[in-house]
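Asks: Below is the file data_14.cif, which contains mmCIF, C-alpha atoms.
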```
data_run
#
loop_
_atom_site.label_atom_id
_atom_site.label_comp_id
_atom_site.auth_asym_id
_atom_site.auth_seq_id
_atom_site.Cartn_x
_atom_site.Cartn_y
_atom_site.Cartn_z
CA MET A 1 -76.07 84.15 -88.99
CA TYR A 2 -73.49 82.76 -91.34
CA ASP A 3 -71.24 85.16 -93.17
CA ALA A 4 -68.08 83.21 -93.77
CA LEU A 5 -68.75 83.43 -97.47
CA ALA A 6 -67.67 86.99 -97.82
CA LEU A 7 -64.57 85.90 -99.72
CA MET A 8 -67.16 85.55 -102.44
CA ASP A 9 -66.26 88.97 -103.74
CA ALA A 10 -62.84 87.68 -104.72
CA PRO A 11 -62.32 87.57 -108.49
CA ALA A 12 -62.72 84.16 -110.08
CA PRO A 13 -59.45 82.52 -109.10
CA SER A 14 -57.20 80.32 -111.10
CA PRO A 15 -58.02 76.87 -109.77
CA LEU A 16 -55.72 74.78 -107.65
CA PRO A 17 -54.62 72.10 -110.08
CA PRO A 18 -57.00 69.19 -109.71
CA PRO A 19 -55.60 65.74 -109.05
CA ARG A 20 -56.88 64.53 -112.38
CA ALA A 21 -54.79 67.05 -114.28
CA ILE A 22 -51.71 65.08 -113.39
CA ARG A 23 -53.45 61.82 -113.94
CA THR A 24 -54.19 62.86 -117.50
CA HIS A 25 -50.63 63.75 -118.32
CA GLY A 26 -49.16 60.70 -116.65
CA ALA A 27 -46.36 60.63 -114.15
CA GLY A 28 -43.70 60.01 -116.76
CA LYS A 29 -43.88 63.51 -118.17
CA ARG A 30 -43.22 65.20 -114.88
CA SER A 31 -39.90 66.86 -114.51
CA GLY A 32 -37.95 68.35 -111.65
CA PRO A 33 -38.59 67.48 -108.04
CA GLY A 34 -41.80 65.61 -108.89
CA GLN A 35 -39.80 62.66 -110.16
CA VAL A 36 -37.93 62.14 -106.94
CA THR A 37 -39.58 59.53 -104.78
CA THR A 38 -39.32 60.84 -101.24
CA ALA A 39 -39.70 58.96 -97.98
CA LYS A 40 -43.10 60.60 -97.63
CA ASP A 41 -44.21 59.34 -101.04
CA MET A 42 -43.16 55.85 -100.04
CA GLU A 43 -45.13 56.17 -96.83
CA ASN A 44 -48.16 57.36 -98.81
CA THR A 45 -47.95 54.41 -101.22
CA GLU A 46 -47.56 52.08 -98.25
CA TRP A 47 -50.88 53.34 -96.79
CA VAL A 48 -52.42 52.67 -100.19
CA SER A 49 -51.18 49.04 -100.05
CA CYS A 50 -52.48 48.66 -96.50
CA ILE A 51 -55.98 49.72 -97.55
CA ALA A 52 -55.81 47.30 -100.51
CA ALA A 53 -54.77 44.49 -98.11
CA ILE A 54 -57.80 45.21 -95.91
CA ARG A 55 -60.05 45.17 -98.97
CA ASP A 56 -58.58 41.98 -100.42
CA THR A 57 -57.68 39.81 -97.41
CA GLN A 58 -59.12 41.56 -94.32
CA ASP A 59 -55.52 42.00 -93.22
CA GLU A 60 -55.57 42.98 -89.53
CA ALA A 61 -51.84 43.70 -89.40
CA ALA A 62 -52.19 46.23 -92.22
CA PHE A 63 -55.16 47.73 -90.39
CA ALA A 64 -53.11 47.97 -87.17
CA ARG A 65 -50.44 49.98 -89.02
CA LEU A 66 -53.01 52.42 -90.39
CA PHE A 67 -54.64 52.60 -86.98
CA GLY A 68 -51.37 53.42 -85.21
CA HIS A 69 -50.70 56.27 -87.61
CA PHE A 70 -54.11 57.78 -88.26
CA ALA A 71 -56.33 57.11 -85.21
CA PRO A 72 -54.36 59.48 -82.88
CA ARG A 73 -54.48 62.17 -85.59
CA ILE A 74 -58.23 61.75 -86.09
CA LYS A 75 -58.71 62.00 -82.33
CA ALA A 76 -56.65 65.21 -82.23
CA PHE A 77 -58.64 66.63 -85.17
CA LEU A 78 -61.95 65.92 -83.43
CA MET A 79 -60.79 67.41 -80.14
CA ARG A 80 -59.69 70.58 -81.90
CA SER A 81 -63.19 70.73 -83.38
CA GLY A 82 -64.68 70.84 -79.88
CA ALA A 83 -65.29 67.17 -79.06
CA ASP A 84 -64.27 66.02 -75.57
CA ALA A 85 -61.76 63.17 -75.24
CA THR A 86 -64.43 60.48 -74.81
CA LEU A 87 -66.44 61.53 -77.86
CA ALA A 88 -63.27 62.02 -79.92
CA GLU A 89 -62.04 58.53 -78.98
CA GLU A 90 -65.36 56.97 -79.92
CA CYS A 91 -65.59 58.85 -83.22
CA ALA A 92 -61.97 58.00 -84.11
CA GLN A 93 -62.76 54.31 -83.60
CA GLU A 94 -65.86 54.67 -85.78
CA VAL A 95 -63.88 56.43 -88.50
CA MET A 96 -61.31 53.61 -88.51
CA ALA A 97 -64.10 51.00 -88.59
CA THR A 98 -65.61 52.85 -91.58
CA LEU A 99 -62.21 52.73 -93.30
CA TRP A 100 -62.27 48.92 -92.91
CA GLN A 101 -65.84 48.64 -94.19
CA LYS A 102 -65.41 50.99 -97.14
CA ALA A 103 -61.88 49.96 -98.16
CA HIS A 104 -63.28 48.81 -101.53
CA LEU A 105 -64.41 52.39 -102.30
CA PHE A 106 -60.95 53.94 -101.90
CA ASP A 107 -59.48 55.10 -105.22
CA PRO A 108 -55.75 55.94 -104.87
CA THR A 109 -55.74 57.70 -108.24
CA ARG A 110 -58.15 60.29 -106.82
CA ALA A 111 -57.03 60.75 -103.20
CA SER A 112 -54.23 59.94 -100.79
CA ALA A 113 -55.09 57.81 -97.76
CA ALA A 114 -54.85 60.93 -95.58
CA THR A 115 -57.29 62.84 -97.81
CA TRP A 116 -59.77 59.97 -97.88
CA ILE A 117 -59.56 59.48 -94.12
CA PHE A 118 -60.00 63.24 -93.63
CA THR A 119 -63.28 63.13 -95.57
CA ILE A 120 -64.57 60.22 -93.44
CA ALA A 121 -63.55 62.00 -90.22
CA ARG A 122 -65.09 65.29 -91.36
CA ASN A 123 -68.41 63.62 -92.19
CA ARG A 124 -68.40 61.83 -88.84
CA ARG A 125 -67.74 65.17 -87.12
CA ILE A 126 -70.68 66.89 -88.86
CA ASP A 127 -72.89 64.00 -87.82
CA ALA A 128 -71.66 63.86 -84.21
CA LEU A 129 -71.27 67.55 -83.39
CA ARG A 130 -73.94 69.16 -85.55
CA LYS A 131 -76.41 66.31 -85.96
CA GLN A 132 -76.54 67.10 -89.66
CA LYS A 133 -76.13 65.22 -92.86
CA ARG A 134 -73.58 66.27 -95.42
CA PRO A 135 -74.98 66.14 -98.94
CA GLU A 136 -72.37 64.72 -101.32
CA PRO A 137 -72.02 65.51 -105.02
CA GLU A 138 -73.26 62.96 -107.50
CA ASP A 139 -70.60 60.32 -108.06
CA LEU A 140 -69.24 60.20 -111.56
CA THR A 141 -69.47 56.72 -112.96
CA TRP A 142 -66.27 56.65 -114.94
CA GLY A 143 -65.73 53.15 -113.63
CA ILE A 144 -62.91 52.39 -111.23
CA ALA A 145 -60.46 49.96 -112.81
CA PRO A 146 -59.86 46.97 -110.50
CA GLU A 147 -56.11 47.57 -110.62
CA PRO A 148 -55.34 51.27 -110.90
CA ASP A 149 -52.32 52.33 -112.93
CA GLN A 150 -49.35 52.53 -110.54
CA ALA A 151 -47.96 55.62 -112.29
CA ASP A 152 -51.26 57.40 -111.64
CA VAL A 153 -51.22 56.31 -108.01
CA LEU A 154 -47.67 57.52 -107.49
CA ALA A 155 -48.35 60.84 -109.24
CA LEU A 156 -51.34 61.52 -107.01
CA GLN A 157 -49.44 60.56 -103.85
CA GLN A 158 -46.55 62.81 -104.85
CA GLU A 159 -48.89 65.69 -105.50
CA SER A 160 -50.48 65.27 -102.07
CA ASP A 161 -47.01 65.28 -100.55
CA GLN A 162 -46.11 68.42 -102.46
CA LEU A 163 -49.20 70.18 -101.12
CA SER A 164 -48.34 69.10 -97.55
CA ALA A 165 -44.91 70.65 -97.97
CA ALA A 166 -46.44 73.85 -99.36
CA ILE A 167 -48.80 74.11 -96.37
CA ALA A 168 -45.93 73.55 -93.94
CA ALA A 169 -44.01 76.33 -95.70
CA LEU A 170 -46.83 78.90 -95.36
CA PRO A 171 -46.15 81.91 -93.12
CA GLU A 172 -47.24 81.03 -89.60
CA LYS A 173 -50.08 83.60 -89.55
CA GLN A 174 -51.62 82.15 -92.71
CA ARG A 175 -51.15 78.50 -91.79
CA VAL A 176 -52.81 78.97 -88.41
CA LEU A 177 -55.93 80.41 -90.05
CA ILE A 178 -56.15 77.64 -92.66
CA GLU A 179 -55.89 75.09 -89.83
CA LYS A 180 -58.58 76.87 -87.86
CA ALA A 181 -60.88 76.98 -90.87
CA TYR A 182 -60.56 73.21 -91.34
CA PHE A 183 -60.26 72.02 -87.76
CA SER A 184 -62.31 74.29 -85.56
CA ASP A 185 -65.80 74.01 -87.06
CA LEU A 186 -65.94 77.83 -86.99
CA SER A 187 -67.03 80.25 -89.71
CA HIS A 188 -64.72 83.15 -90.56
CA SER A 189 -66.71 85.57 -88.43
CA GLU A 190 -66.59 83.15 -85.49
CA ILE A 191 -62.82 82.90 -85.98
CA ALA A 192 -62.76 86.73 -85.95
CA GLU A 193 -64.58 86.76 -82.60
CA GLN A 194 -62.33 84.09 -81.16
CA THR A 195 -59.03 85.59 -82.29
CA GLY A 196 -59.95 89.28 -82.06
CA LEU A 197 -58.65 89.77 -85.61
CA PRO A 198 -60.74 91.89 -87.98
CA LEU A 199 -62.81 89.79 -90.40
CA GLY A 200 -61.12 91.48 -93.37
CA THR A 201 -57.70 90.42 -92.10
CA ILE A 202 -58.83 86.82 -91.79
CA LYS A 203 -60.26 86.78 -95.29
CA SER A 204 -57.19 88.34 -96.86
CA ARG A 205 -54.78 86.00 -95.03
CA ILE A 206 -56.73 82.97 -96.21
CA ARG A 207 -56.80 84.35 -99.74
CA LEU A 208 -53.03 84.92 -99.65
CA ALA A 209 -52.50 81.40 -98.33
CA LEU A 210 -54.53 79.87 -101.17
CA ASP A 211 -52.60 81.98 -103.70
CA ARG A 212 -49.33 80.66 -102.29
CA LEU A 213 -50.56 77.06 -102.43
CA ARG A 214 -51.63 77.55 -106.06
CA HIS A 215 -48.26 79.01 -106.89
CA ALA A 216 -46.45 76.12 -105.17
CA MET A 217 -48.48 73.55 -107.13
CA LYS A 218 -47.75 75.08 -110.55
CA MET B 1 -74.48 71.98 -120.83
CA THR B 2 -71.64 71.87 -118.39
CA ASN B 3 -69.43 74.09 -120.58
CA MET B 4 -72.01 76.83 -120.61
CA ILE B 5 -71.82 77.45 -116.86
CA GLN B 6 -70.57 81.00 -116.33
CA HIS B 7 -71.08 81.53 -112.60
CA HIS B 8 -69.12 79.25 -110.30
CA LEU B 9 -68.43 78.56 -106.63
CA THR B 10 -65.97 80.81 -104.80
CA ASP B 11 -62.89 79.56 -102.96
CA ALA B 12 -64.54 80.53 -99.68
CA LEU B 13 -67.60 78.37 -100.35
CA MET B 14 -65.52 75.40 -101.49
CA MET B 15 -63.22 75.63 -98.49
CA ALA B 16 -66.11 75.86 -96.05
CA TYR B 17 -67.84 72.91 -97.77
CA SER B 18 -64.65 70.86 -97.59
CA ALA B 19 -64.03 71.86 -93.97
CA GLY B 20 -67.61 70.92 -93.10
CA SER B 21 -68.54 74.28 -91.58
CA LEU B 22 -71.43 75.21 -93.90
CA PRO B 23 -75.06 74.97 -92.82
CA GLU B 24 -76.74 71.93 -94.38
CA ALA B 25 -78.84 74.00 -96.85
CA PHE B 26 -75.67 75.62 -98.25
CA SER B 27 -73.88 72.26 -98.43
CA LEU B 28 -76.80 70.91 -100.44
CA THR B 29 -76.55 73.81 -102.89
CA VAL B 30 -72.77 73.40 -103.24
CA ALA B 31 -73.08 69.62 -103.72
CA THR B 32 -75.77 70.14 -106.37
CA HIS B 33 -73.66 72.70 -108.24
CA ILE B 34 -70.60 70.39 -108.18
CA SER B 35 -72.81 67.62 -109.56
CA MET B 36 -73.61 69.86 -112.54
CA CYS B 37 -70.23 71.57 -113.04
CA ASP B 38 -67.08 69.65 -114.07
CA GLU B 39 -64.89 72.70 -113.55
CA CYS B 40 -65.89 73.12 -109.90
CA ARG B 41 -65.69 69.37 -109.34
CA ALA B 42 -62.07 69.43 -110.51
CA ARG B 43 -61.24 72.50 -108.38
CA PHE B 44 -62.91 70.99 -105.33
CA GLY B 45 -60.61 67.97 -105.12
CA ALA B 46 -57.74 70.23 -104.06
CA PHE B 47 -59.65 71.49 -101.02
CA ASP B 48 -60.13 67.99 -99.61
CA THR B 49 -56.43 67.42 -100.30
CA VAL B 50 -55.65 70.42 -98.08
CA GLY B 51 -57.78 68.80 -95.35
CA GLY B 52 -55.85 65.54 -95.74
CA ALA B 53 -52.51 67.32 -95.54
CA LEU B 54 -53.58 69.13 -92.37
CA LEU B 55 -54.74 65.84 -90.82
CA GLU B 56 -51.40 64.26 -91.70
CA GLY B 57 -49.51 67.17 -90.14
CA THR B 58 -51.52 67.48 -86.93
CA ASP B 59 -50.29 66.59 -83.46
CA GLU B 60 -51.39 63.23 -82.13
CA VAL B 61 -53.61 62.52 -79.14
CA ALA B 62 -53.02 59.03 -77.74
CA MET B 63 -55.86 56.57 -78.14
CA THR B 64 -56.97 54.61 -75.08
CA ARG B 65 -55.14 51.37 -74.35
CA ASP B 66 -57.79 48.97 -75.66
CA SER B 67 -58.89 51.14 -78.58
CA PHE B 68 -57.63 48.83 -81.34
CA ALA B 69 -59.42 45.81 -79.84
CA SER B 70 -62.59 47.89 -79.39
CA THR B 71 -62.44 48.97 -83.01
CA MET B 72 -62.02 45.38 -84.22
CA ALA B 73 -65.00 44.45 -82.03
CA ARG B 74 -67.02 47.23 -83.69
CA ILE B 75 -66.08 45.90 -87.10
CA ARG B 76 -67.05 42.32 -86.20
CA ALA B 77 -70.32 43.44 -84.65
CA ALA B 78 -71.30 45.64 -87.58
CA ARG B 79 -74.15 44.34 -89.64
CA PRO B 80 -73.66 44.40 -93.37
CA GLU B 81 -74.76 47.77 -94.63
CA VAL B 82 -78.09 47.73 -96.40
CA LYS B 83 -77.57 50.16 -99.22
CA PRO B 84 -80.56 51.96 -100.65
CA ALA B 85 -80.70 51.60 -104.41
CA PRO B 86 -78.63 54.47 -105.80
CA ARG B 87 -80.71 57.16 -107.41
CA ARG B 88 -79.97 57.97 -110.98
CA ALA B 89 -79.56 61.42 -112.39
CA GLY B 90 -82.94 62.40 -113.76
CA LEU B 91 -84.03 65.94 -114.47
CA LEU B 92 -82.48 66.86 -111.10
CA PRO B 93 -79.01 65.98 -109.75
CA VAL B 94 -78.81 63.13 -107.23
CA PRO B 95 -78.07 65.12 -104.01
CA LEU B 96 -81.22 67.16 -104.59
CA GLN B 97 -83.32 64.07 -105.33
CA ASP B 98 -82.25 62.68 -101.95
CA TYR B 99 -83.84 65.67 -100.21
CA ILE B 100 -86.98 65.67 -102.37
CA GLY B 101 -87.43 61.93 -102.15
CA GLY B 102 -87.63 61.66 -105.94
CA ASP B 103 -87.20 63.62 -109.13
CA LEU B 104 -88.90 66.83 -110.28
CA ASP B 105 -92.32 65.18 -110.48
CA ALA B 106 -92.15 64.36 -106.73
CA VAL B 107 -91.77 68.00 -105.63
CA ARG B 108 -94.69 69.22 -103.52
CA TRP B 109 -95.06 72.80 -104.71
CA ARG B 110 -96.88 75.49 -102.72
CA PRO B 111 -98.05 78.72 -104.36
CA VAL B 112 -96.50 81.91 -102.99
CA GLY B 113 -98.29 84.39 -105.25
CA MET B 114 -97.94 85.84 -108.73
CA GLY B 115 -97.56 82.38 -110.19
CA VAL B 116 -94.36 81.68 -108.23
CA ARG B 117 -94.28 78.37 -106.35
CA GLN B 118 -91.87 77.02 -103.76
CA ALA B 119 -91.03 73.82 -101.90
CA ILE B 120 -88.98 73.97 -98.69
CA LEU B 121 -86.54 71.08 -98.30
CA PRO B 122 -85.83 69.38 -94.96
CA THR B 123 -82.47 70.68 -93.70
CA SER B 124 -81.16 71.89 -90.35
CA LYS B 125 -82.56 75.22 -89.22
CA ALA B 126 -79.34 77.25 -89.49
CA ALA B 127 -80.28 77.97 -93.11
CA THR B 128 -83.22 77.22 -95.41
CA ALA B 129 -83.15 75.46 -98.77
CA ARG B 130 -86.10 75.88 -101.12
CA LEU B 131 -86.95 75.06 -104.67
CA LEU B 132 -88.48 77.99 -106.56
CA TYR B 133 -90.61 77.70 -109.66
CA ILE B 134 -90.81 80.98 -111.55
CA PRO B 135 -93.11 81.00 -114.61
CA ALA B 136 -91.57 82.37 -117.81
CA GLY B 137 -91.40 86.15 -117.63
CA ALA B 138 -92.55 86.35 -113.99
CA ALA B 139 -90.57 88.09 -111.24
CA VAL B 140 -89.73 87.15 -107.69
CA PRO B 141 -90.56 90.31 -105.69
CA ASP B 142 -87.71 92.79 -105.18
CA HIS B 143 -85.91 91.72 -102.03
CA GLY B 144 -82.79 92.31 -99.98
CA HIS B 145 -80.95 89.90 -97.71
CA ARG B 146 -79.78 90.04 -94.14
CA GLY B 147 -77.38 87.18 -94.69
CA THR B 148 -76.20 85.21 -97.68
CA GLU B 149 -78.34 83.79 -100.47
CA LEU B 150 -77.16 81.15 -102.93
CA THR B 151 -79.35 80.65 -106.00
CA LEU B 152 -78.59 77.75 -108.34
CA VAL B 153 -80.45 77.49 -111.64
CA LEU B 154 -81.66 73.95 -112.35
CA GLN B 155 -83.76 74.67 -115.44
CA GLY B 156 -84.53 77.75 -117.53
CA ALA B 157 -82.82 81.02 -116.66
CA PHE B 158 -83.32 84.24 -114.75
CA VAL B 159 -82.01 87.75 -115.09
CA ASP B 160 -81.43 90.26 -112.32
CA GLN B 161 -79.44 93.47 -111.82
CA VAL B 162 -76.20 91.46 -111.76
CA ASP B 163 -76.36 89.22 -114.83
CA ARG B 164 -78.18 86.43 -116.60
CA PHE B 165 -78.06 83.03 -114.90
CA GLY B 166 -78.66 79.83 -116.87
CA PRO B 167 -78.68 76.12 -115.98
CA GLY B 168 -75.90 75.25 -113.53
CA ASP B 169 -75.07 78.90 -112.80
CA ILE B 170 -74.93 79.88 -109.12
CA GLU B 171 -75.52 83.43 -107.90
CA ILE B 172 -74.00 84.31 -104.55
CA VAL B 173 -75.60 87.36 -102.99
CA ASN B 174 -74.94 89.07 -99.68
CA GLU B 175 -76.66 91.83 -97.79
CA ASP B 176 -75.55 94.65 -100.05
CA LEU B 177 -77.80 93.74 -102.94
CA ASN B 178 -81.50 94.27 -103.49
CA HIS B 179 -82.49 92.31 -106.52
CA THR B 180 -85.52 91.25 -108.52
CA PRO B 181 -84.85 87.99 -110.29
CA VAL B 182 -87.01 87.68 -113.42
CA ALA B 183 -87.41 84.39 -115.26
CA ASP B 184 -86.45 84.40 -118.93
CA ILE B 185 -89.34 84.87 -121.30
CA GLY B 186 -88.55 81.63 -123.08
CA ALA B 187 -89.14 79.05 -120.39
CA ASP B 188 -90.19 78.54 -116.79
CA CYS B 189 -87.26 78.74 -114.37
CA ILE B 190 -86.58 76.29 -111.55
CA CYS B 191 -83.96 77.22 -108.95
CA LEU B 192 -82.57 75.92 -105.70
CA ALA B 193 -82.18 78.83 -103.27
CA ALA B 194 -80.47 78.67 -99.87
CA THR B 195 -80.63 81.51 -97.36
CA ASP B 196 -79.27 81.85 -93.84
CA ALA B 197 -81.61 84.70 -92.83
CA PRO B 198 -85.13 85.67 -93.89
CA LEU B 199 -85.36 87.71 -97.08
CA ARG B 200 -86.47 91.35 -96.81
CA PHE B 201 -89.09 92.25 -99.35
CA ARG B 202 -89.46 95.89 -100.25
CA ALA B 203 -93.07 95.86 -101.34
CA LEU B 204 -95.73 95.83 -98.64
CA MET B 205 -97.64 92.68 -99.47
CA PRO B 206 -94.85 90.15 -99.46
CA ARG B 207 -93.61 91.40 -96.09
CA LEU B 208 -97.02 90.80 -94.53
CA ALA B 209 -97.11 87.38 -96.08
CA GLN B 210 -93.55 86.50 -95.06
CA PRO B 211 -94.22 84.91 -91.65
CA PHE B 212 -96.82 82.62 -93.17
CA LEU B 213 -94.90 81.59 -96.23
CA ARG B 214 -91.47 81.32 -94.63
CA ILE B 215 -89.84 83.16 -97.47
#
```
Produce structure tokens that represent the structure in this file.
Replies:
Amino acid sequence: MYDALALMDAPAPSPLPPPRAIRTHGAGKRSGPGQVTTAKDMENTEWVSCIAAIRDTQDEAAFARLFGHFAPRIKAFLMRSGADATLAEECAQEVMATLWQKAHLFDPTRASAATWIFTIARNRRIDALRKQKRPEPEDLTWGIAPEPDQADVLALQQESDQLSAAIAALPEKQRVLIEKAYFSDLSHSEIAEQTGLPLGTIKSRIRLALDRLRHAMK
Amino acid sequence: MTNMIQHHLTDALMMAYSAGSLPEAFSLTVATHISMCDECRARFGAFDTVGGALLEGTDEVAMTRDSFASTMARIRAARPEVKPAPRRAGLLPVPLQDYIGGDLDAVRWRPVGMGVRQAILPTSKAATARLLYIPAGAAVPDHGHRGTELTLVLQGAFVDQVDRFGPGDIEIVNEDLNHTPVADIGADCICLAATDAPLRFRALMPRLAQPFLRI
């Protein structure tokens, strides 16, 4: 029985700011730390260029760079979800092959490379470990411009970076549970069984973590 | 229509959908709601971003020595993907049409009594997704839940002890609630309902019928 939804009794929360909120305002209006281009932002924009190079010129060198960075992380993610090393290796290769094949679908104004790759890896995991499909929401046809606005791309990459920093800054007890929720393929009650923590504690820690992330993104 | 949605997804549902730990029937309901609700679509993006940040921050596990060459071989061997023609939004959102195999007119309804009809959709067995057709003014028998029930209104509206639910609204109910959803007088109501445990009907007849009807 599935009961991980019991956070449902939480009051309607203020939403995490969606990526498009920043896109609408444009990067130029941001103030404070958002304007600083960090090493991480530059790395993020470099992954964006690599994916564009695969799309435009089937650039194997660009693909090798992405592979070196992301494939070992995808493999780790799959192993933490319960796949053995052989299955995780195979799935990681398939995820990277999918990245090559679907490079034209990547929209850097809507997701960072890491976010997009996470969604491919997650869908592959559901397919491989659960033998299930994952229904996707209807795609909005707002038309992807062939050359996205660089300010929008940078703003989105910076926002992703900011969220990474906020997650890293979470108290250890909260961060561990968020990681488990995303990586372990377990519902909250299964996490409760595994960790021996009361279900209520797990729910409240996750709620506190999301509150902190929202606060950090304001 | 999208601005009139009053009942939205919770953080817990969005996080579980993003993490990929929901049963298929619940994922279908969440995906269908997001297709109808701009507010939840905007909120949802952040949850995938959390997943991306966690992937970026994870430890690495070394790939095998020839893994890059193997992956390039996979890419070269792959046949061009034959894409099915994308479905268009009709009366029903696209993710739902994929499970029905068409729009509302393709649903194969089965009567379940008192004018109510249902169609069970093909998902994994961990939870059940069904379309419910409730004629205007009719009631789904009073029932409780062992697990969780998500009910998403596609057309019309229903009222129960909690509130009124119109198109796009999702009601999330757990085991504490016995409720009797009643369709609005004005129009027939069509819902997508996902449950992870059989419903418990309080009246005698529906309970006898339950094993046969799978409700």
Asks: What lies within 6 Å of range 66-76 of chain A using only C-alpha atoms, ignoring chain neighbours under 2 positions off, as a list in words?
Replies: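 The residues that qualify are Phe63, Ala64, Leu78, Met79, Ala88, Glu89 and Ala92 of chain A; Glu60, Val61, Ala62 and Met63 of chain B.
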Asks: Using the chain letters and numbers from this file, what does the PyMOL selection byres ((chain B) within 7 of (chain A)) select? Give the answer as a ChimeraX atom specification.
Replies: /B:10,12-13,19-21,24,27-28,31-32,34-35,42-43,45-46,48-49,51-56,58-63,71,74-75,93-95,124,147-148,196-197
Asks: Go ahead and save the residues from that selection, with C-alpha atoms, as a PDB file, in the coordinates of the input.
Replies:
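Okay, this is what ended up in out.pdb:
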```pdb
ATOM      1  CA  THR B  10     -65.970  80.810-104.800  1.00  0.00           C
ATOM      2  CA  ALA B  12     -64.540  80.530 -99.680  1.00  0.00           C
ATOM      3  CA  LEU B  13     -67.600  78.370-100.350  1.00  0.00           C
ATOM      4  CA  ALA B  19     -64.030  71.860 -93.970  1.00  0.00           C
ATOM      5  CA  GLY B  20     -67.610  70.920 -93.100  1.00  0.00           C
ATOM      6  CA  SER B  21     -68.540  74.280 -91.580  1.00  0.00           C
ATOM      7  CA  GLU B  24     -76.740  71.930 -94.380  1.00  0.00           C
ATOM      8  CA  SER B  27     -73.880  72.260 -98.430  1.00  0.00           C
ATOM      9  CA  LEU B  28     -76.800  70.910-100.440  1.00  0.00           C
ATOM     10  CA  ALA B  31     -73.080  69.620-103.720  1.00  0.00           C
ATOM     11  CA  THR B  32     -75.770  70.140-106.370  1.00  0.00           C
ATOM     12  CA  ILE B  34     -70.600  70.390-108.180  1.00  0.00           C
ATOM     13  CA  SER B  35     -72.810  67.620-109.560  1.00  0.00           C
ATOM     14  CA  ALA B  42     -62.070  69.430-110.510  1.00  0.00           C
ATOM     15  CA  ARG B  43     -61.240  72.500-108.380  1.00  0.00           C
ATOM     16  CA  GLY B  45     -60.610  67.970-105.120  1.00  0.00           C
ATOM     17  CA  ALA B  46     -57.740  70.230-104.060  1.00  0.00           C
ATOM     18  CA  ASP B  48     -60.130  67.990 -99.610  1.00  0.00           C
ATOM     19  CA  THR B  49     -56.430  67.420-100.300  1.00  0.00           C
ATOM     20  CA  GLY B  51     -57.780  68.800 -95.350  1.00  0.00           C
ATOM     21  CA  GLY B  52     -55.850  65.540 -95.740  1.00  0.00           C
ATOM     22  CA  ALA B  53     -52.510  67.320 -95.540  1.00  0.00           C
ATOM     23  CA  LEU B  54     -53.580  69.130 -92.370  1.00  0.00           C
ATOM     24  CA  LEU B  55     -54.740  65.840 -90.820  1.00  0.00           C
ATOM     25  CA  GLU B  56     -51.400  64.260 -91.700  1.00  0.00           C
ATOM     26  CA  THR B  58     -51.520  67.480 -86.930  1.00  0.00           C
ATOM     27  CA  ASP B  59     -50.290  66.590 -83.460  1.00  0.00           C
ATOM     28  CA  GLU B  60     -51.390  63.230 -82.130  1.00  0.00           C
ATOM     29  CA  VAL B  61     -53.610  62.520 -79.140  1.00  0.00           C
ATOM     30  CA  ALA B  62     -53.020  59.030 -77.740  1.00  0.00           C
ATOM     31  CA  MET B  63     -55.860  56.570 -78.140  1.00  0.00           C
ATOM     32  CA  THR B  71     -62.440  48.970 -83.010  1.00  0.00           C
ATOM     33  CA  ARG B  74     -67.020  47.230 -83.690  1.00  0.00           C
ATOM     34  CA  ILE B  75     -66.080  45.900 -87.100  1.00  0.00           C
ATOM     35  CA  PRO B  93     -79.010  65.980-109.750  1.00  0.00           C
ATOM     36  CA  VAL B  94     -78.810  63.130-107.230  1.00  0.00           C
ATOM     37  CA  PRO B  95     -78.070  65.120-104.010  1.00  0.00           C
ATOM     38  CA  SER B 124     -81.160  71.890 -90.350  1.00  0.00           C
ATOM     39  CA  GLY B 147     -77.380  87.180 -94.690  1.00  0.00           C
ATOM     40  CA  THR B 148     -76.200  85.210 -97.680  1.00  0.00           C
ATOM     41  CA  ASP B 196     -79.270  81.850 -93.840  1.00  0.00           C
ATOM     42  CA  ALA B 197     -81.610  84.700 -92.830  1.00  0.00           C
TER      43      ALA B 197
END
```
Asks: If you count all atoms listed in the file, which residues fall within 12 Å of Ile5 in chain B, apart from same-chain ones fewer than 5 positions away, as a list of chain:residue names?
Replies: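 These residues fall inside the cut-off: B:His33, B:Ile34, B:Met36, B:Cys37, B:Asp38, B:Glu39, B:Cys40, B:Leu152, B:Val153, B:Leu154, B:Ala157, B:Arg164, B:Phe165, B:Gly166, B:Pro167, B:Gly168, B:Asp169, B:Ile170, B:Glu171.
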Asks: Which value, in Å to one decimal, gives the distance between CA of Leu199 in chain A and CA of Ala194 in chain B?
Replies: 22.9 Å
Asks: Figure out the distance between CA of Gly57 in chain B and CA of Ala73 in chain B, please, to one decimal in Å.
Replies: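 Here the two named atoms are 28.7 Å from each other.
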Asks: For the atom pair CA of Ile51 in chain A and CA of Leu129 in chain A, what is the interatomic distance in Å to one decimal place?
Replies: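 For CA of Ile51 in chain A relative to CA of Leu129 in chain A, the distance reads 27.4 Å.
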Asks: Report the residues retrieved by the PyMOL selection byres ((chain B and resi 158) around 12) from the displayed file, expressed as a ChimeraX atom specification.
Replies: /B:132-140,151-157,159-171,179-191
Asks: Box along x, y and z, 4 Å on every side, all listed atoms of range 127-139 of chain A inside: centre and edge lengths in Å to one decimal, as AutoDock Vina command-line options.
Replies:
```
--center_x -73.6 --center_y 64.7 --center_z -95.7 --size_x 13.9 --size_y 16.8 --size_z 32.7
```
Asks: Go through A:Val176, A:Ala128, A:Leu105, A:Ala62 and flag the residue nearest Cys91 in chain A, using only C-alpha atoms for the distances.
Replies: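 Closest to Cys91 in chain A, using only C-alpha atoms: A:Ala128.
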Asks: Dump C-alpha atoms of range 4-8 of chain B from the given block, as a compact mmCIF listing (two decimals), in the first residue's frame.
Replies:
```txt
# COMPACT_ATOMS: atom_id res chain seq x y z
CA MET B 4 -10.79 28.46 -11.97
CA ILE B 5 -8.91 25.48 -10.54
CA GLN B 6 -9.16 25.65 -6.75
CA HIS B 7 -7.77 22.28 -5.66
CA HIS B 8 -4.17 21.58 -6.55
```
